[in-house]
file entry_31.cif (mmCIF, C-alpha atoms)
data_query
loop_
_atom_site.group_PDB
_atom_site.id
_atom_site.type_symbol
_atom_site.label_atom_id
_atom_site.label_comp_id
_atom_site.auth_asym_id
_atom_site.auth_seq_id
_atom_site.Cartn_x
_atom_site.Cartn_y
_atom_site.Cartn_z
ATOM 1 C CA MET N 18 0.000 0.000 0.000
ATOM 2 C CA ASP N 19 2.855 2.374 0.818
ATOM 3 C CA SER N 20 4.461 1.797 -2.567
ATOM 4 C CA ILE N 21 1.254 2.801 -4.418
ATOM 5 C CA ILE N 22 0.918 6.031 -2.434
ATOM 6 C CA THR N 23 4.597 6.833 -2.978
ATOM 7 C CA TYR N 24 4.252 6.159 -6.703
ATOM 8 C CA LEU N 25 1.137 8.375 -6.944
ATOM 9 C CA LEU N 26 2.859 11.203 -5.072
ATOM 10 C CA LEU N 27 5.854 11.048 -7.405
ATOM 11 C CA TYR N 28 3.590 10.961 -10.451
ATOM 12 C CA ASN N 29 1.615 13.921 -9.078
ATOM 13 C CA GLN N 30 4.835 15.917 -8.647
ATOM 14 C CA TYR N 31 5.826 15.049 -12.216
ATOM 15 C CA LEU N 32 2.455 16.327 -13.503
ATOM 16 C CA VAL N 33 2.749 19.562 -11.509
ATOM 17 C CA LYS N 34 6.218 20.204 -12.992
ATOM 18 C CA THR N 35 4.923 19.508 -16.509
ATOM 19 C CA ILE N 36 1.997 21.891 -16.028
ATOM 20 C CA TYR N 37 4.366 24.550 -14.712
ATOM 21 C CA LYS N 38 6.605 24.175 -17.786
ATOM 22 C CA LEU N 39 3.583 24.464 -20.094
ATOM 23 C CA VAL N 40 2.376 27.612 -18.345
ATOM 24 C CA VAL N 41 5.839 29.169 -18.646
ATOM 25 C CA PHE N 42 5.983 28.233 -22.341
ATOM 26 C CA ILE N 43 2.550 29.731 -23.008
ATOM 27 C CA SER N 44 3.329 32.930 -21.115
ATOM 28 C CA LYS N 45 6.587 33.422 -23.049
ATOM 29 C CA ASN N 46 5.375 32.590 -26.552
ATOM 30 C CA ILE N 47 1.734 33.737 -26.600
ATOM 31 C CA PRO N 48 1.162 37.418 -25.818
ATOM 32 C CA LEU N 49 -1.799 37.626 -23.490
ATOM 33 C CA SER N 50 -1.965 41.412 -23.696
ATOM 34 C CA GLN N 51 -3.741 41.249 -27.058
ATOM 35 C CA TRP N 52 -6.594 39.254 -25.511
ATOM 36 C CA ALA N 53 -7.314 42.059 -23.078
ATOM 37 C CA PHE N 54 -7.305 44.691 -25.837
ATOM 38 C CA ASP N 55 -10.573 46.546 -26.070
ATOM 39 C CA ASP N 56 -11.321 46.687 -29.784
ATOM 40 C CA SER N 57 -14.529 48.671 -29.523
ATOM 41 C CA ASN N 58 -12.827 51.361 -31.623
ATOM 42 C CA SER N 59 -12.133 48.836 -34.337
ATOM 43 C CA PRO N 60 -13.498 49.594 -37.834
ATOM 44 C CA GLU N 61 -15.439 46.326 -37.680
ATOM 45 C CA TYR N 62 -17.580 47.728 -34.880
ATOM 46 C CA GLN N 63 -17.992 51.142 -36.477
ATOM 47 C CA LYS N 64 -20.320 49.791 -39.145
ATOM 48 C CA PHE N 65 -23.042 49.337 -36.526
ATOM 49 C CA LYS N 66 -25.188 52.435 -36.340
ATOM 50 C CA VAL N 67 -27.689 53.597 -33.766
ATOM 51 C CA ASP N 68 -31.281 53.813 -34.957
ATOM 52 C CA LYS N 69 -33.099 57.113 -35.075
ATOM 53 C CA LEU N 70 -35.454 57.839 -32.227
ATOM 54 C CA PRO N 71 -39.070 56.837 -32.870
ATOM 55 C CA LYS N 72 -41.575 59.513 -33.720
ATOM 56 C CA ILE N 73 -44.087 60.274 -31.024
ATOM 57 C CA ILE N 74 -47.430 60.841 -32.665
ATOM 58 C CA ARG N 75 -50.527 62.277 -31.105
ATOM 59 C CA PHE N 76 -53.058 59.736 -29.878
ATOM 60 C CA GLU N 77 -56.323 60.185 -31.768
ATOM 61 C CA LYS N 78 -59.452 58.720 -30.254
ATOM 62 C CA VAL N 79 -61.933 57.411 -32.860
ATOM 63 C CA ASP N 80 -65.210 55.556 -32.569
ATOM 64 C CA TYR N 81 -65.273 51.981 -33.835
ATOM 65 C CA GLN N 82 -68.872 52.379 -35.028
ATOM 66 C CA PHE N 83 -67.770 55.309 -37.179
ATOM 67 C CA LEU N 84 -64.982 53.130 -38.606
ATOM 68 C CA LEU N 85 -67.459 50.329 -39.377
ATOM 69 C CA ALA N 86 -69.794 52.776 -41.131
ATOM 70 C CA TYR N 87 -66.885 54.305 -43.071
ATOM 71 C CA TYR N 88 -65.718 50.868 -44.238
ATOM 72 C CA LYS N 89 -69.268 49.945 -45.313
ATOM 73 C CA HIS N 90 -69.657 53.247 -47.195
ATOM 74 C CA LYS N 91 -66.289 52.964 -48.939
ATOM 75 C CA TYR N 92 -66.226 49.235 -49.838
ATOM 76 C CA ASN N 93 -69.934 48.270 -49.646
ATOM 77 C CA LYS N 94 -69.006 45.440 -47.277
ATOM 78 C CA VAL N 95 -69.666 44.892 -43.598
ATOM 79 C CA VAL N 96 -66.699 44.181 -41.332
ATOM 80 C CA LYS N 97 -67.347 40.871 -39.615
ATOM 81 C CA PRO N 98 -66.185 40.078 -36.091
ATOM 82 C CA ILE N 99 -63.019 38.011 -35.731
ATOM 83 C CA GLN N 100 -63.484 34.228 -35.811
ATOM 84 C CA ARG N 101 -60.820 32.559 -33.702
ATOM 85 C CA ARG N 102 -59.736 29.062 -34.722
ATOM 86 C CA ASN N 103 -57.466 28.076 -31.854
ATOM 87 C CA GLY N 104 -60.192 28.011 -29.207
ATOM 88 C CA LYS N 105 -58.640 30.825 -27.194
ATOM 89 C CA SER N 106 -60.643 33.942 -26.610
ATOM 90 C CA ILE N 107 -60.085 37.434 -25.299
ATOM 91 C CA PRO N 108 -61.844 38.375 -22.020
ATOM 92 C CA ASN N 109 -65.227 40.034 -22.513
ATOM 93 C CA GLU N 110 -64.245 43.231 -20.690
ATOM 94 C CA THR N 111 -61.341 43.897 -23.089
ATOM 95 C CA ILE N 112 -61.771 46.861 -25.421
ATOM 96 C CA CYS N 113 -59.495 48.618 -27.904
ATOM 97 C CA PRO N 114 -57.826 51.647 -26.262
ATOM 98 C CA LYS N 115 -57.861 53.634 -29.515
ATOM 99 C CA CYS N 116 -61.372 53.108 -30.863
ATOM 100 C CA GLY N 117 -63.287 51.369 -28.080
ATOM 101 C CA ALA N 118 -64.084 48.281 -30.167
ATOM 102 C CA PRO N 119 -65.382 45.313 -28.148
ATOM 103 C CA HIS N 120 -63.494 42.042 -27.818
ATOM 104 C CA HIS N 121 -65.240 40.596 -30.905
ATOM 105 C CA TYR N 122 -63.199 42.872 -33.193
ATOM 106 C CA ILE N 123 -59.797 42.476 -31.483
ATOM 107 C CA TYR N 124 -57.218 39.890 -32.535
#
call {"tool": "encode", "arguments": {"input": "entry_31.cif", "output": "structure tokens"}}
result
Amino acid sequence: MDSIITYLLLYNQYLVKTIYKLVVFISKNIPLSQWAFDDSNSPEYQKFKVDKLPKIIRFEKVDYQFLLAYYKHKYNKVVKPIQRRNGKSIPNETICPKCGAPHHYIY
């Protein structure tokens, strides 16, 4: 039992020395300073542009019944309520914040 432990300790010391030599070799031959270089000023990153700010438009309140009448007058067709196919529905108290349309006309 003592010979196995002695052998493992010697082998462990050999591995530690080998790892130390590899670390020294890497530190001498591979410059690590380039890895820490911040290349945010690189031309590759300069091609990304910031979008323009969105336009803030005035909120206009309209009546959904007026929109239905306008559509019927313009196209001679009646806008039908939405028919959902997936079985999911919108709660009955939900209305459109812009025109006040009931849940039957909201996707």
call {"tool": "atom_distance", "arguments": {"input": "entry_31.cif", "atom1": "CA of Ile107 in chain N", "atom2": "CA of His90 in chain N"}}
result
28.7 Å
call {"tool": "residues_around", "arguments": {"input": "entry_31.cif", "residues": "range 93-106 of chain N", "least_positions_apart": "5", "cutoff": "7 Å", "atoms": "all atoms listed in the file", "output": "number ranges by chain"}}
result
N: 85, 121-124
call {"tool": "axis_aligned_box", "arguments": {"input": "entry_31.cif", "around": "range 94-97 of chain N", "padding_each_side": "5 Å", "output": "lines of an AutoDock Vina configuration file"}}
result
center_x = -68.2
center_y = 43.2
center_z = -43.4
size_x = 13.0
size_y = 14.6
size_z = 17.7
call {"tool": "atom_distance", "arguments": {"input": "entry_31.cif", "atom1": "CA of Lys91 in chain N", "atom2": "CA of Ile74 in chain N"}}
result
26.1 Å
call {"tool": "resolve_selection", "arguments": {"input": "entry_31.cif", "expression": "the PyMOL selection byres ((chain N and resi 116) around 7)", "output": "PDB file with C-alpha atoms, keeping the file's coordinate frame"}}
result
ATOM      1  CA  LYS N  78     -59.452  58.720 -30.254  1.00  0.00           C
ATOM      2  CA  VAL N  79     -61.933  57.411 -32.860  1.00  0.00           C
ATOM      3  CA  ASP N  80     -65.210  55.556 -32.569  1.00  0.00           C
ATOM      4  CA  TYR N  81     -65.273  51.981 -33.835  1.00  0.00           C
ATOM      5  CA  CYS N 113     -59.495  48.618 -27.904  1.00  0.00           C
ATOM      6  CA  PRO N 114     -57.826  51.647 -26.262  1.00  0.00           C
ATOM      7  CA  LYS N 115     -57.861  53.634 -29.515  1.00  0.00           C
ATOM      8  CA  GLY N 117     -63.287  51.369 -28.080  1.00  0.00           C
ATOM      9  CA  ALA N 118     -64.084  48.281 -30.167  1.00  0.00           C
TER      10      ALA N 118
END
call {"tool": "atom_distance", "arguments": {"input": "entry_31.cif", "atom1": "CA of Pro48 in chain N", "atom2": "CA of Asn29 in chain N"}}
result
28.9 Å
call {"tool": "build_atoms", "arguments": {"input": "entry_31.cif", "residues": "range 20-51 of chain N", "atoms": "N, CA and C atoms", "output": "mmCIF file, in the coordinates of the input"}}
result
data_model
loop_
_atom_site.group_PDB
_atom_site.id
_atom_site.type_symbol
_atom_site.label_atom_id
_atom_site.label_comp_id
_atom_site.auth_asym_id
_atom_site.auth_seq_id
_atom_site.Cartn_x
_atom_site.Cartn_y
_atom_site.Cartn_z
ATOM 1 N N SER N 20 3.798 1.598 -1.276
ATOM 2 C CA SER N 20 4.461 1.797 -2.567
ATOM 3 C C SER N 20 3.520 2.470 -3.576
ATOM 4 N N ILE N 21 2.214 2.181 -3.502
ATOM 5 C CA ILE N 21 1.254 2.801 -4.418
ATOM 6 C C ILE N 21 1.136 4.295 -4.109
ATOM 7 N N ILE N 22 1.040 4.627 -2.826
ATOM 8 C CA ILE N 22 0.918 6.031 -2.434
ATOM 9 C C ILE N 22 2.178 6.797 -2.826
ATOM 10 N N THR N 23 3.335 6.194 -2.612
ATOM 11 C CA THR N 23 4.597 6.833 -2.978
ATOM 12 C C THR N 23 4.653 7.056 -4.486
ATOM 13 N N TYR N 24 4.253 6.046 -5.247
ATOM 14 C CA TYR N 24 4.252 6.159 -6.703
ATOM 15 C C TYR N 24 3.305 7.275 -7.159
ATOM 16 N N LEU N 25 2.107 7.346 -6.563
ATOM 17 C CA LEU N 25 1.137 8.375 -6.944
ATOM 18 C C LEU N 25 1.635 9.770 -6.584
ATOM 19 N N LEU N 26 2.302 9.901 -5.447
ATOM 20 C CA LEU N 26 2.859 11.203 -5.072
ATOM 21 C C LEU N 26 3.953 11.643 -6.044
ATOM 22 N N LEU N 27 4.806 10.718 -6.445
ATOM 23 C CA LEU N 27 5.854 11.048 -7.405
ATOM 24 C C LEU N 27 5.251 11.419 -8.766
ATOM 25 N N TYR N 28 4.249 10.670 -9.172
ATOM 26 C CA TYR N 28 3.590 10.961 -10.451
ATOM 27 C C TYR N 28 2.877 12.317 -10.399
ATOM 28 N N ASN N 29 2.279 12.627 -9.253
ATOM 29 C CA ASN N 29 1.615 13.921 -9.078
ATOM 30 C C ASN N 29 2.637 15.058 -9.169
ATOM 31 N N GLN N 30 3.787 14.898 -8.564
ATOM 32 C CA GLN N 30 4.835 15.917 -8.647
ATOM 33 C C GLN N 30 5.322 16.093 -10.087
ATOM 34 N N TYR N 31 5.431 14.984 -10.809
ATOM 35 C CA TYR N 31 5.826 15.049 -12.216
ATOM 36 C C TYR N 31 4.796 15.852 -13.027
ATOM 37 N N LEU N 32 3.509 15.605 -12.787
ATOM 38 C CA LEU N 32 2.455 16.327 -13.503
ATOM 39 C C LEU N 32 2.468 17.819 -13.163
ATOM 40 N N VAL N 33 2.695 18.160 -11.916
ATOM 41 C CA VAL N 33 2.749 19.562 -11.509
ATOM 42 C C VAL N 33 3.912 20.264 -12.210
ATOM 43 N N LYS N 34 5.066 19.612 -12.302
ATOM 44 C CA LYS N 34 6.218 20.204 -12.992
ATOM 45 C C LYS N 34 5.921 20.396 -14.482
ATOM 46 N N THR N 35 5.265 19.412 -15.086
ATOM 47 C CA THR N 35 4.923 19.508 -16.509
ATOM 48 C C THR N 35 3.949 20.664 -16.757
ATOM 49 N N ILE N 36 2.957 20.793 -15.895
ATOM 50 C CA ILE N 36 1.997 21.891 -16.028
ATOM 51 C C ILE N 36 2.704 23.230 -15.859
ATOM 52 N N TYR N 37 3.614 23.313 -14.923
ATOM 53 C CA TYR N 37 4.366 24.550 -14.712
ATOM 54 C C TYR N 37 5.166 24.918 -15.961
ATOM 55 N N LYS N 38 5.830 23.920 -16.572
ATOM 56 C CA LYS N 38 6.605 24.175 -17.786
ATOM 57 C C LYS N 38 5.701 24.646 -18.927
ATOM 58 N N LEU N 39 4.516 24.055 -19.049
ATOM 59 C CA LEU N 39 3.583 24.464 -20.094
ATOM 60 C C LEU N 39 3.091 25.896 -19.880
ATOM 61 N N VAL N 40 2.823 26.249 -18.639
ATOM 62 C CA VAL N 40 2.376 27.612 -18.345
ATOM 63 C C VAL N 40 3.477 28.614 -18.668
ATOM 64 N N VAL N 41 4.717 28.282 -18.334
ATOM 65 C CA VAL N 41 5.839 29.169 -18.646
ATOM 66 C C VAL N 41 5.991 29.304 -20.159
ATOM 67 N N PHE N 42 5.875 28.195 -20.879
ATOM 68 C CA PHE N 42 5.983 28.233 -22.341
ATOM 69 C C PHE N 42 4.887 29.107 -22.958
ATOM 70 N N ILE N 43 3.665 28.942 -22.479
ATOM 71 C CA ILE N 43 2.550 29.731 -23.008
ATOM 72 C C ILE N 43 2.745 31.212 -22.698
ATOM 73 N N SER N 44 3.172 31.516 -21.482
ATOM 74 C CA SER N 44 3.329 32.930 -21.115
ATOM 75 C C SER N 44 4.465 33.598 -21.884
ATOM 76 N N LYS N 45 5.480 32.838 -22.296
ATOM 77 C CA LYS N 45 6.587 33.422 -23.049
ATOM 78 C C LYS N 45 6.247 33.583 -24.532
ATOM 79 N N ASN N 46 5.559 32.619 -25.101
ATOM 80 C CA ASN N 46 5.375 32.590 -26.552
ATOM 81 C C ASN N 46 4.031 33.128 -27.044
ATOM 82 N N ILE N 47 3.040 33.227 -26.186
ATOM 83 C CA ILE N 47 1.734 33.737 -26.600
ATOM 84 C C ILE N 47 1.469 35.021 -25.832
ATOM 85 N N PRO N 48 1.412 36.151 -26.520
ATOM 86 C CA PRO N 48 1.162 37.418 -25.818
ATOM 87 C C PRO N 48 -0.292 37.504 -25.348
ATOM 88 N N LEU N 49 -0.459 37.562 -24.056
ATOM 89 C CA LEU N 49 -1.799 37.626 -23.490
ATOM 90 C C LEU N 49 -2.350 39.045 -23.488
ATOM 91 N N SER N 50 -1.495 40.027 -23.730
ATOM 92 C CA SER N 50 -1.965 41.412 -23.696
ATOM 93 C C SER N 50 -2.940 41.707 -24.829
ATOM 94 N N GLN N 51 -2.822 40.998 -25.954
ATOM 95 C CA GLN N 51 -3.741 41.249 -27.058
ATOM 96 C C GLN N 51 -5.139 40.729 -26.751
#
